[in-house]
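Student: Contents of target34.csv (CSV, C-alpha atoms):
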```csv
chain,number,residue,atom,x,y,z
A,1,MET,CA,-149.4,30.3,6.1
A,2,MET,CA,-150.7,33.9,6.1
A,3,ASN,CA,-152.9,32.9,3.2
A,4,LYS,CA,-154.6,30.2,5.3
A,5,VAL,CA,-155.1,32.6,8.3
A,6,TRP,CA,-156.5,35.3,6.1
A,7,ILE,CA,-158.9,32.9,4.3
A,8,PHE,CA,-159.9,31.4,7.6
A,9,LEU,CA,-160.7,34.8,9.2
A,10,VAL,CA,-162.7,36.1,6.3
A,11,ILE,CA,-164.7,32.9,5.5
A,12,CYS,CA,-165.4,32.1,9.1
A,13,GLY,CA,-166.3,35.7,9.8
A,14,LEU,CA,-168.7,36.0,6.9
A,15,SER,CA,-170.4,32.7,7.5
A,16,ILE,CA,-170.9,33.2,11.2
A,17,SER,CA,-172.3,36.6,10.6
A,18,PHE,CA,-174.8,35.0,8.3
A,19,PHE,CA,-176.1,32.9,11.1
A,20,THR,CA,-176.0,35.5,13.8
A,21,GLY,CA,-177.7,38.1,11.6
A,22,ASN,CA,-174.8,40.5,11.8
A,23,ILE,CA,-174.5,40.1,8.0
A,24,LYS,CA,-176.7,43.2,7.5
A,25,ASP,CA,-174.1,45.4,9.2
A,26,MET,CA,-171.1,43.7,7.4
A,27,GLY,CA,-171.2,46.1,4.4
A,28,ALA,CA,-170.6,49.1,6.6
A,29,ILE,CA,-168.0,47.3,8.7
A,30,ILE,CA,-166.0,46.3,5.6
A,31,ILE,CA,-166.1,49.9,4.2
A,32,ASN,CA,-165.1,51.3,7.6
A,33,SER,CA,-162.3,48.8,8.1
A,34,THR,CA,-160.2,50.7,5.5
A,35,GLN,CA,-160.5,53.8,7.6
A,36,LYS,CA,-159.6,51.9,10.8
A,37,ALA,CA,-156.7,50.3,8.9
A,38,PHE,CA,-155.4,53.8,8.1
A,39,ASP,CA,-155.6,54.9,11.8
A,40,VAL,CA,-153.6,51.8,12.9
A,41,PHE,CA,-151.2,52.2,10.1
A,42,LEU,CA,-150.5,55.8,10.9
A,43,ASN,CA,-149.7,54.9,14.6
A,44,ILE,CA,-147.5,52.0,13.8
A,45,SER,CA,-145.7,53.5,10.8
A,46,LEU,CA,-144.7,56.8,12.4
A,47,MET,CA,-143.2,54.8,15.3
A,48,ILE,CA,-141.3,52.5,12.9
A,49,VAL,CA,-139.8,55.5,11.0
A,50,PHE,CA,-138.7,57.2,14.2
A,51,TRP,CA,-137.3,54.1,16.0
A,52,ASN,CA,-135.5,52.9,12.9
A,53,GLY,CA,-133.6,56.2,12.9
A,54,ILE,CA,-132.6,55.9,16.5
A,55,PHE,CA,-131.7,52.2,16.2
A,56,GLU,CA,-129.5,53.0,13.1
A,57,ILE,CA,-127.3,55.1,15.4
A,58,ALA,CA,-127.1,52.1,17.8
A,59,ILE,CA,-126.3,49.7,15.0
A,60,LYS,CA,-123.7,52.0,13.4
A,61,SER,CA,-121.9,52.5,16.6
A,62,ASP,CA,-121.4,48.7,16.8
A,63,ILE,CA,-122.5,48.4,20.4
A,64,ILE,CA,-124.0,45.0,19.5
A,65,HIS,CA,-120.6,43.6,18.9
A,66,TYR,CA,-118.9,45.2,21.9
A,67,ILE,CA,-121.4,44.3,24.6
A,68,GLY,CA,-122.1,41.0,22.8
A,69,ILE,CA,-119.0,39.6,24.4
A,70,LEU,CA,-120.8,39.6,27.8
A,71,LEU,CA,-123.2,37.0,26.4
A,72,LYS,CA,-120.6,34.5,25.2
A,73,LYS,CA,-120.2,32.6,28.5
A,74,PRO,CA,-124.0,32.0,29.1
A,75,LEU,CA,-124.5,31.1,25.4
A,76,CYS,CA,-121.7,28.5,25.5
A,77,PHE,CA,-123.5,27.0,28.5
A,78,ILE,CA,-126.8,26.8,26.6
A,79,MET,CA,-125.2,25.6,23.4
A,80,PRO,CA,-122.0,23.6,24.2
A,81,SER,CA,-121.1,23.1,20.5
A,82,LEU,CA,-120.4,26.8,20.2
A,83,LYS,CA,-117.2,26.4,22.3
A,84,LYS,CA,-115.5,25.1,19.1
A,85,ASP,CA,-117.3,27.5,16.7
A,86,SER,CA,-116.2,31.1,17.4
A,87,GLU,CA,-117.7,32.5,14.2
A,88,SER,CA,-121.2,31.3,15.0
A,89,LEU,CA,-120.8,32.4,18.7
A,90,GLU,CA,-119.9,35.9,17.6
A,91,LEU,CA,-123.0,36.2,15.3
A,92,ILE,CA,-125.4,34.6,17.8
A,93,SER,CA,-124.3,36.8,20.7
A,94,ALA,CA,-124.8,39.9,18.4
A,95,ASN,CA,-128.2,38.6,17.4
A,96,ILE,CA,-129.4,37.9,21.0
A,97,LEU,CA,-128.1,41.3,22.1
A,98,ALA,CA,-130.0,43.0,19.2
A,99,ASN,CA,-133.1,41.2,20.5
A,100,PHE,CA,-132.4,42.4,24.0
A,101,LEU,CA,-132.1,46.0,23.0
A,102,GLY,CA,-135.2,45.8,20.8
A,103,LEU,CA,-133.3,46.4,17.6
A,104,GLY,CA,-135.6,44.1,15.6
A,105,SER,CA,-134.4,45.3,12.2
A,106,ALA,CA,-130.9,44.3,13.0
A,107,ALA,CA,-131.7,41.0,14.7
A,108,THR,CA,-133.1,39.1,11.7
A,109,PRO,CA,-130.2,39.6,9.2
A,110,LEU,CA,-127.7,38.7,12.0
A,111,GLY,CA,-129.8,35.6,12.9
A,112,ILE,CA,-129.8,34.4,9.3
A,113,LYS,CA,-126.0,34.8,9.1
A,114,ALA,CA,-125.7,32.9,12.3
A,115,MET,CA,-127.8,30.1,10.9
A,116,GLU,CA,-125.6,29.9,7.8
A,117,SER,CA,-122.6,29.8,10.0
A,118,LEU,CA,-124.1,27.0,12.1
A,119,GLN,CA,-125.0,25.1,8.9
A,120,LYS,CA,-121.3,25.0,7.9
A,121,LYS,CA,-120.5,22.9,10.9
A,122,ASN,CA,-123.7,20.8,10.4
A,123,LEU,CA,-123.4,17.5,8.6
A,124,GLY,CA,-126.3,16.5,6.5
A,125,GLN,CA,-129.7,18.1,5.9
A,126,ARG,CA,-131.2,17.7,9.4
A,127,SER,CA,-131.2,20.5,11.9
A,128,SER,CA,-128.4,20.5,14.5
A,129,ARG,CA,-129.3,20.9,18.2
A,130,SER,CA,-127.6,24.3,18.4
A,131,MET,CA,-129.8,25.5,15.5
A,132,ILE,CA,-132.9,24.3,17.3
A,133,ILE,CA,-131.9,26.1,20.6
A,134,PHE,CA,-130.9,29.2,18.7
A,135,VAL,CA,-134.2,29.4,16.7
A,136,LEU,CA,-136.2,28.8,20.0
A,137,LEU,CA,-134.3,31.6,21.7
A,138,ASN,CA,-135.3,33.9,18.8
A,139,ALA,CA,-138.9,32.6,18.8
A,140,SER,CA,-139.5,33.6,22.4
A,141,ALA,CA,-138.3,37.2,21.8
A,142,PRO,CA,-136.2,38.1,24.9
A,143,THR,CA,-136.3,41.8,25.3
A,144,LEU,CA,-135.2,44.5,27.8
A,145,PHE,CA,-136.8,47.5,25.9
A,146,PRO,CA,-140.3,46.7,24.6
A,147,THR,CA,-140.5,50.1,22.8
A,148,THR,CA,-143.3,49.1,20.4
A,149,ILE,CA,-145.7,48.2,23.1
A,150,ILE,CA,-144.9,51.2,25.3
A,151,GLY,CA,-145.3,53.4,22.2
A,152,LEU,CA,-148.7,51.9,21.2
A,153,ARG,CA,-150.0,52.3,24.8
A,154,THR,CA,-148.9,55.9,24.9
A,155,LEU,CA,-150.6,56.6,21.5
A,156,ASN,CA,-153.8,55.1,23.0
A,157,ASN,CA,-153.6,57.6,25.9
A,158,ALA,CA,-152.4,55.1,28.5
A,159,SER,CA,-149.3,55.1,30.6
A,160,THR,CA,-147.2,52.0,31.2
A,161,SER,CA,-146.9,51.4,34.9
A,162,ILE,CA,-143.6,50.3,36.3
A,163,ASN,CA,-145.3,47.1,37.3
A,164,LEU,CA,-146.3,46.3,33.8
A,165,PHE,CA,-142.8,47.2,32.4
A,166,VAL,CA,-141.0,45.0,34.9
A,167,LEU,CA,-143.5,42.2,34.4
A,168,MET,CA,-143.0,42.4,30.6
A,169,ILE,CA,-139.2,42.1,30.8
A,170,PHE,CA,-139.5,39.3,33.5
A,171,LEU,CA,-142.0,37.3,31.5
A,172,SER,CA,-140.1,37.6,28.2
A,173,LEU,CA,-136.9,36.3,29.9
A,174,LEU,CA,-138.9,33.6,31.7
A,175,SER,CA,-140.5,32.4,28.5
A,176,CYS,CA,-137.0,32.2,27.0
A,177,THR,CA,-135.9,30.0,29.9
A,178,ILE,CA,-139.0,27.8,29.6
A,179,GLY,CA,-138.2,27.3,25.9
A,180,ILE,CA,-134.7,26.1,26.7
A,181,LEU,CA,-135.9,23.8,29.5
A,182,LEU,CA,-138.7,22.3,27.3
A,183,GLU,CA,-136.1,21.7,24.5
A,184,LYS,CA,-134.0,19.7,27.0
A,185,ILE,CA,-137.1,17.6,27.9
A,186,PHE,CA,-138.1,17.0,24.3
A,187,TYR,CA,-134.5,16.1,23.4
A,188,HIS,CA,-134.6,13.2,25.9
A,189,LEU,CA,-138.1,12.2,24.7
A,190,VAL,CA,-137.5,11.9,20.9
A,191,LYS,CA,-136.0,8.8,19.4
A,192,GLU,CA,-134.1,10.4,16.5
A,193,LYS,CA,-132.0,12.9,18.4
A,194,PRO,CA,-130.6,15.9,16.5
A,195,LEU,CA,-126.8,16.1,16.5
B,196,MET,CA,-142.0,56.4,31.2
B,197,ILE,CA,-138.5,57.4,32.1
B,198,ILE,CA,-137.0,54.4,30.3
B,199,ILE,CA,-137.6,55.7,26.8
B,200,PRO,CA,-135.8,59.1,27.1
B,201,LEU,CA,-133.0,57.4,29.0
B,202,TYR,CA,-132.5,54.7,26.3
B,203,ILE,CA,-132.4,57.3,23.6
B,204,LEU,CA,-129.9,59.4,25.5
B,205,VAL,CA,-127.6,56.4,26.0
B,206,ILE,CA,-127.7,55.5,22.3
B,207,ILE,CA,-127.0,59.1,21.2
B,208,LEU,CA,-124.1,59.4,23.7
B,209,ILE,CA,-122.5,56.2,22.5
B,210,GLY,CA,-123.0,57.4,18.9
B,211,THR,CA,-121.3,60.7,19.7
B,212,PHE,CA,-118.5,58.9,21.6
B,213,ARG,CA,-117.9,56.6,18.6
B,214,LYS,CA,-117.7,59.8,16.4
B,215,ILE,CA,-120.8,59.0,14.3
B,216,ASP,CA,-122.8,61.7,12.5
B,217,CYS,CA,-125.9,61.0,14.6
B,218,PHE,CA,-128.3,63.1,12.6
B,219,ASP,CA,-127.3,61.7,9.2
B,220,THR,CA,-127.4,58.2,10.6
B,221,PHE,CA,-130.9,58.9,12.0
B,222,MET,CA,-132.0,60.1,8.6
B,223,GLU,CA,-130.6,57.0,6.9
B,224,GLY,CA,-132.4,54.7,9.4
B,225,SER,CA,-135.6,56.5,9.0
B,226,LYS,CA,-135.5,56.2,5.3
B,227,LYS,CA,-135.1,52.5,5.6
B,228,GLY,CA,-138.0,52.6,8.0
B,229,LEU,CA,-140.0,54.4,5.4
B,230,HIS,CA,-139.4,51.6,3.0
B,231,THR,CA,-140.7,49.1,5.6
B,232,VAL,CA,-143.7,51.2,6.1
B,233,TYR,CA,-144.4,51.4,2.4
B,234,LEU,CA,-144.5,47.6,2.2
B,235,LEU,CA,-146.5,47.4,5.4
B,236,PHE,CA,-149.5,49.3,4.2
B,237,PRO,CA,-151.1,46.6,2.0
B,238,THR,CA,-150.5,44.1,4.8
B,239,ILE,CA,-152.3,46.2,7.4
B,240,ILE,CA,-155.2,47.0,5.2
B,241,GLY,CA,-155.7,43.4,4.3
B,242,ILE,CA,-155.4,42.2,7.9
B,243,VAL,CA,-157.6,44.9,9.5
B,244,PHE,CA,-160.3,43.9,7.0
B,245,ALA,CA,-160.1,40.2,7.9
B,246,VAL,CA,-159.8,40.7,11.6
B,247,ASN,CA,-162.7,43.1,11.7
B,248,VAL,CA,-165.0,40.8,9.7
B,249,PHE,CA,-164.1,38.0,12.1
B,250,VAL,CA,-164.5,40.0,15.3
B,251,GLU,CA,-167.8,41.7,14.2
B,252,SER,CA,-169.3,38.5,12.9
B,253,GLY,CA,-170.9,37.7,16.3
B,254,ILE,CA,-168.3,35.1,17.3
B,255,ILE,CA,-167.4,37.2,20.4
B,256,GLU,CA,-171.0,37.0,21.6
B,257,ILE,CA,-171.1,33.2,20.9
B,258,LEU,CA,-167.8,32.7,22.8
B,259,LYS,CA,-169.0,34.8,25.7
B,260,ILE,CA,-171.7,32.2,26.4
B,261,PHE,CA,-168.9,29.8,27.2
B,262,ILE,CA,-166.3,32.2,28.6
B,263,ARG,CA,-167.8,34.3,31.3
B,264,ASN,CA,-164.6,35.6,32.9
B,265,PRO,CA,-164.5,39.4,33.0
B,266,VAL,CA,-160.8,39.5,32.4
B,267,ILE,CA,-160.1,36.6,30.1
B,268,VAL,CA,-162.3,37.8,27.3
B,269,PRO,CA,-162.7,36.0,23.9
B,270,GLU,CA,-160.7,38.7,22.1
B,271,LEU,CA,-157.7,37.9,24.3
B,272,LEU,CA,-157.9,34.2,23.3
B,273,ILE,CA,-158.1,35.1,19.7
B,274,GLN,CA,-155.1,37.4,20.1
B,275,ALA,CA,-153.1,34.6,21.8
B,276,PHE,CA,-154.1,32.2,19.1
B,277,LEU,CA,-152.9,34.6,16.3
B,278,ARG,CA,-149.7,35.6,18.1
B,279,PRO,CA,-147.4,32.8,16.9
B,280,ILE,CA,-148.9,32.9,13.3
B,281,SER,CA,-149.0,36.6,12.4
B,282,ALA,CA,-147.5,39.4,14.4
B,283,ASN,CA,-149.7,42.0,12.7
B,284,SER,CA,-153.0,40.2,13.1
B,285,ALA,CA,-152.3,39.9,16.9
B,286,LEU,CA,-151.3,43.5,17.0
B,287,ILE,CA,-154.6,44.6,15.4
B,288,MET,CA,-156.4,42.4,17.9
B,289,MET,CA,-154.5,44.1,20.7
B,290,ASN,CA,-155.5,47.5,19.3
B,291,ASN,CA,-159.1,46.2,19.2
B,292,ILE,CA,-158.9,45.2,22.9
B,293,TYR,CA,-157.5,48.7,23.7
B,294,HIS,CA,-160.5,50.3,22.1
B,295,VAL,CA,-163.1,48.0,23.7
B,296,TYR,CA,-161.7,47.5,27.2
B,297,SER,CA,-159.2,50.4,27.4
B,298,PRO,CA,-155.4,49.8,27.6
B,299,ASN,CA,-155.3,50.4,31.4
B,300,SER,CA,-157.8,47.6,32.2
B,301,LEU,CA,-156.4,44.3,33.4
B,302,THR,CA,-157.4,42.8,30.0
B,303,GLY,CA,-155.6,45.6,28.2
B,304,GLN,CA,-152.5,45.1,30.2
B,305,ILE,CA,-152.5,41.3,29.8
B,306,SER,CA,-153.0,41.9,26.1
B,307,SER,CA,-149.8,44.1,26.1
B,308,LEU,CA,-148.0,41.3,27.9
B,309,ILE,CA,-148.9,38.7,25.3
B,310,GLN,CA,-147.9,40.9,22.5
B,311,GLY,CA,-144.6,41.9,24.1
B,312,CYS,CA,-143.4,38.6,25.6
B,313,SER,CA,-143.6,36.2,22.7
B,314,ASP,CA,-142.8,36.4,19.0
B,315,THR,CA,-144.2,35.1,15.8
B,316,THR,CA,-142.9,31.5,16.5
B,317,ILE,CA,-144.1,29.9,13.3
B,318,TYR,CA,-142.8,32.7,11.1
B,319,VAL,CA,-139.4,32.8,12.9
B,320,ILE,CA,-139.0,29.0,12.5
B,321,THR,CA,-139.9,29.1,8.8
B,322,ILE,CA,-137.6,32.1,8.0
B,323,TYR,CA,-134.5,30.8,10.0
B,324,PHE,CA,-134.6,27.2,8.9
B,325,GLY,CA,-135.7,28.3,5.4
B,326,SER,CA,-132.6,30.4,5.0
B,327,VAL,CA,-130.3,27.3,5.2
B,328,LYS,CA,-132.8,25.1,3.3
B,329,ILE,CA,-133.5,22.7,6.2
B,330,SER,CA,-137.0,21.2,6.3
B,331,GLU,CA,-136.4,18.6,8.9
B,332,THR,CA,-136.7,20.6,12.1
B,333,SER,CA,-137.4,17.8,14.6
B,334,TYR,CA,-139.4,19.1,17.6
B,335,THR,CA,-138.7,22.8,17.2
B,336,LEU,CA,-142.3,23.8,16.3
B,337,TRP,CA,-143.8,21.8,19.2
B,338,VAL,CA,-141.4,23.3,21.8
B,339,GLY,CA,-142.0,26.8,20.4
B,340,LEU,CA,-145.8,26.5,20.5
B,341,LEU,CA,-145.8,24.9,23.9
B,342,THR,CA,-143.7,27.7,25.2
B,343,ASP,CA,-146.1,30.2,23.8
B,344,LEU,CA,-149.0,28.5,25.5
B,345,ILE,CA,-147.2,28.4,28.9
B,346,THR,CA,-146.3,32.1,28.4
B,347,PHE,CA,-149.9,33.0,27.7
B,348,ILE,CA,-151.1,31.2,30.9
B,349,LEU,CA,-148.3,32.8,32.9
B,350,ALA,CA,-149.3,36.2,31.5
B,351,ILE,CA,-152.8,35.7,32.9
B,352,ILE,CA,-151.6,34.4,36.3
B,353,LEU,CA,-148.9,37.1,36.8
B,354,GLY,CA,-151.1,39.8,35.5
B,355,ASN,CA,-153.8,38.9,38.0
B,356,LEU,CA,-151.2,38.8,40.8
B,357,PHE,CA,-149.2,42.0,40.1
B,358,LEU,CA,-151.2,44.4,38.0
```
Just dump the structure as structure tokens.
Tutor:
Amino acid sequence: MMNKVWIFLVICGLSISFFTGNIKDMGAIIINSTQKAFDVFLNISLMIVFWNGIFEIAIKSDIIHYIGILLKKPLCFIMPSLKKDSESLELISANILANFLGLGSAATPLGIKAMESLQKKNLGQRSSRSMIIFVLLNASAPTLFPTTIIGLRTLNNASTSINLFVLMIFLSLLSCTIGILLEKIFYHLVKEKPL
Amino acid sequence: MIIIPLYILVIILIGTFRKIDCFDTFMEGSKKGLHTVYLLFPTIIGIVFAVNVFVESGIIEILKIFIRNPVIVPELLIQAFLRPISANSALIMMNNIYHVYSPNSLTGQISSLIQGCSDTTIYVITIYFGSVKISETSYTLWVGLLTDLITFILAIILGNLFL
């Protein structure tokens, strides 16, 4: 996938610049892009190193598993099959909580474990409905602490207003809800329903 | 932003309460982060090159003939288009918007919203279903992409109303 995007950007960019006449500046732009890449890299990587350290403390203290219990009721409501599948429920609530807290590095391994656990209860090679809902929940990235964005804004000498902060959390939760509602609509529309 | 120091304080208090060697654990996590960073560098250098070539090709000027809105600039559309495919490409696009329009402009703030409120839908679907070797994913991709589109539209509407 990434290959296609990369090729698309480079080939489109170079051919368009040929028509617009920007091709004469392209040499300098390409050379300078490595310098720009280094600036961006420095900003992002220092943040990754710092937050990974902080998050490791959160992960080691097992808060994900403790507070995860609070999510069990709402998750059972969204994915009814979890009522009979406590192992998956445990992993899914931990994964969603890791997402909420912004612990990205912990969320993915937990999510994959949860998928494997869901697959145990799944008959056949088609995706079960719980899997679809769970993947959609992850794809809409619900978060309560958007640390990366706040960090990048700060590094670009901009504050994050309380309005923006609240809106970011609200919209990320809203998009999660929209995903779940759309899934319900699509479920009734398709002929071959997932189990 | 008061939320960041508060968040860190709570994490370290919980760590202390659970009798964890906080500094050692911090070092351990940072080391893992360093490994991530080491693998990230080639990706960033490749993507910044491709995104820069694309953005500086003159496509922005061409798109500006059709899109004359002062807030919804072509760069924002490109970022929203890249968001479900590649997190880093969209991030570089956001950085670009910060430099051209400033992070505090409405465009810059909506750009932050787009980056923060959705995830790399296509990548997540591939990784998660790939891990259990399922290729038949029914309508997952369509629901995911439609959600991203609605989120993008909502980001613009809510941004205009509240920011």
Student: What is the distance between atom CA of A:Asn122 and atom CA of A:Leu195, in Å to one decimal?
Tutor: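 So the two atoms, atom CA of A:Asn122 and atom CA of A:Leu195, lie 8.3 Å apart.
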Student: List the residues sitting within 8 Å of (-118.4, 52.6, 12.4) in the file's frame, using all atoms listed in the file, as a PDB file with C-alpha atoms, in the coordinates of the input.
Tutor:
```pdb
ATOM      1  CA  LYS A  60    -123.700  52.000  13.400  1.00  0.00           C
ATOM      2  CA  SER A  61    -121.900  52.500  16.600  1.00  0.00           C
ATOM      3  CA  ASP A  62    -121.400  48.700  16.800  1.00  0.00           C
TER       4      ASP A  62
ATOM      5  CA  ARG B 213    -117.900  56.600  18.600  1.00  0.00           C
ATOM      6  CA  ILE B 215    -120.800  59.000  14.300  1.00  0.00           C
TER       7      ILE B 215
END
```
Student: Taking the point (-121.4, 37.8, 16.6) as given in the file, collect each protein or nucleic acid residue that comes within 9 Å of it, counting only C-alpha atoms, and present the set as a count of residues only.
Tutor: 16
Student: Can you tell me which residues surround A:Gly53 at a distance of at most 9 Å, considering all atoms listed in the file, apart from same-chain residues fewer than 5 positions away, and format the answer as a PyMOL selection string?
Tutor: (chain A and resi 48) or (chain B and resi 218+220-228)
Student: Which residue out of A:Met168, A:Met47, A:Ala28, A:Leu123 has the minimum interatomic distance to chain B when all atoms listed in the file are used?
Tutor: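 Closest candidate: A:Met168.
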Student: Could you list, as a ChimeraX atom specification, the residues of chain A having an atom within 7 Å of chain B when counting all atoms listed in the file?
Tutor: /A:6,9-10,12-14,16-17,20,22,30,33-34,37,41,45,48-50,52-54,56-58,61,112,115-116,119,125-127,132,135-136,139-141,146,149,153,158,160,163-164,168,171-172,175,178-179,182-183
Student: As an exercise, work out the distance from atom CA of A:Asn99 to atom CA of A:Leu181 in Å and give it to one decimal place.
Tutor: 19.8 Å
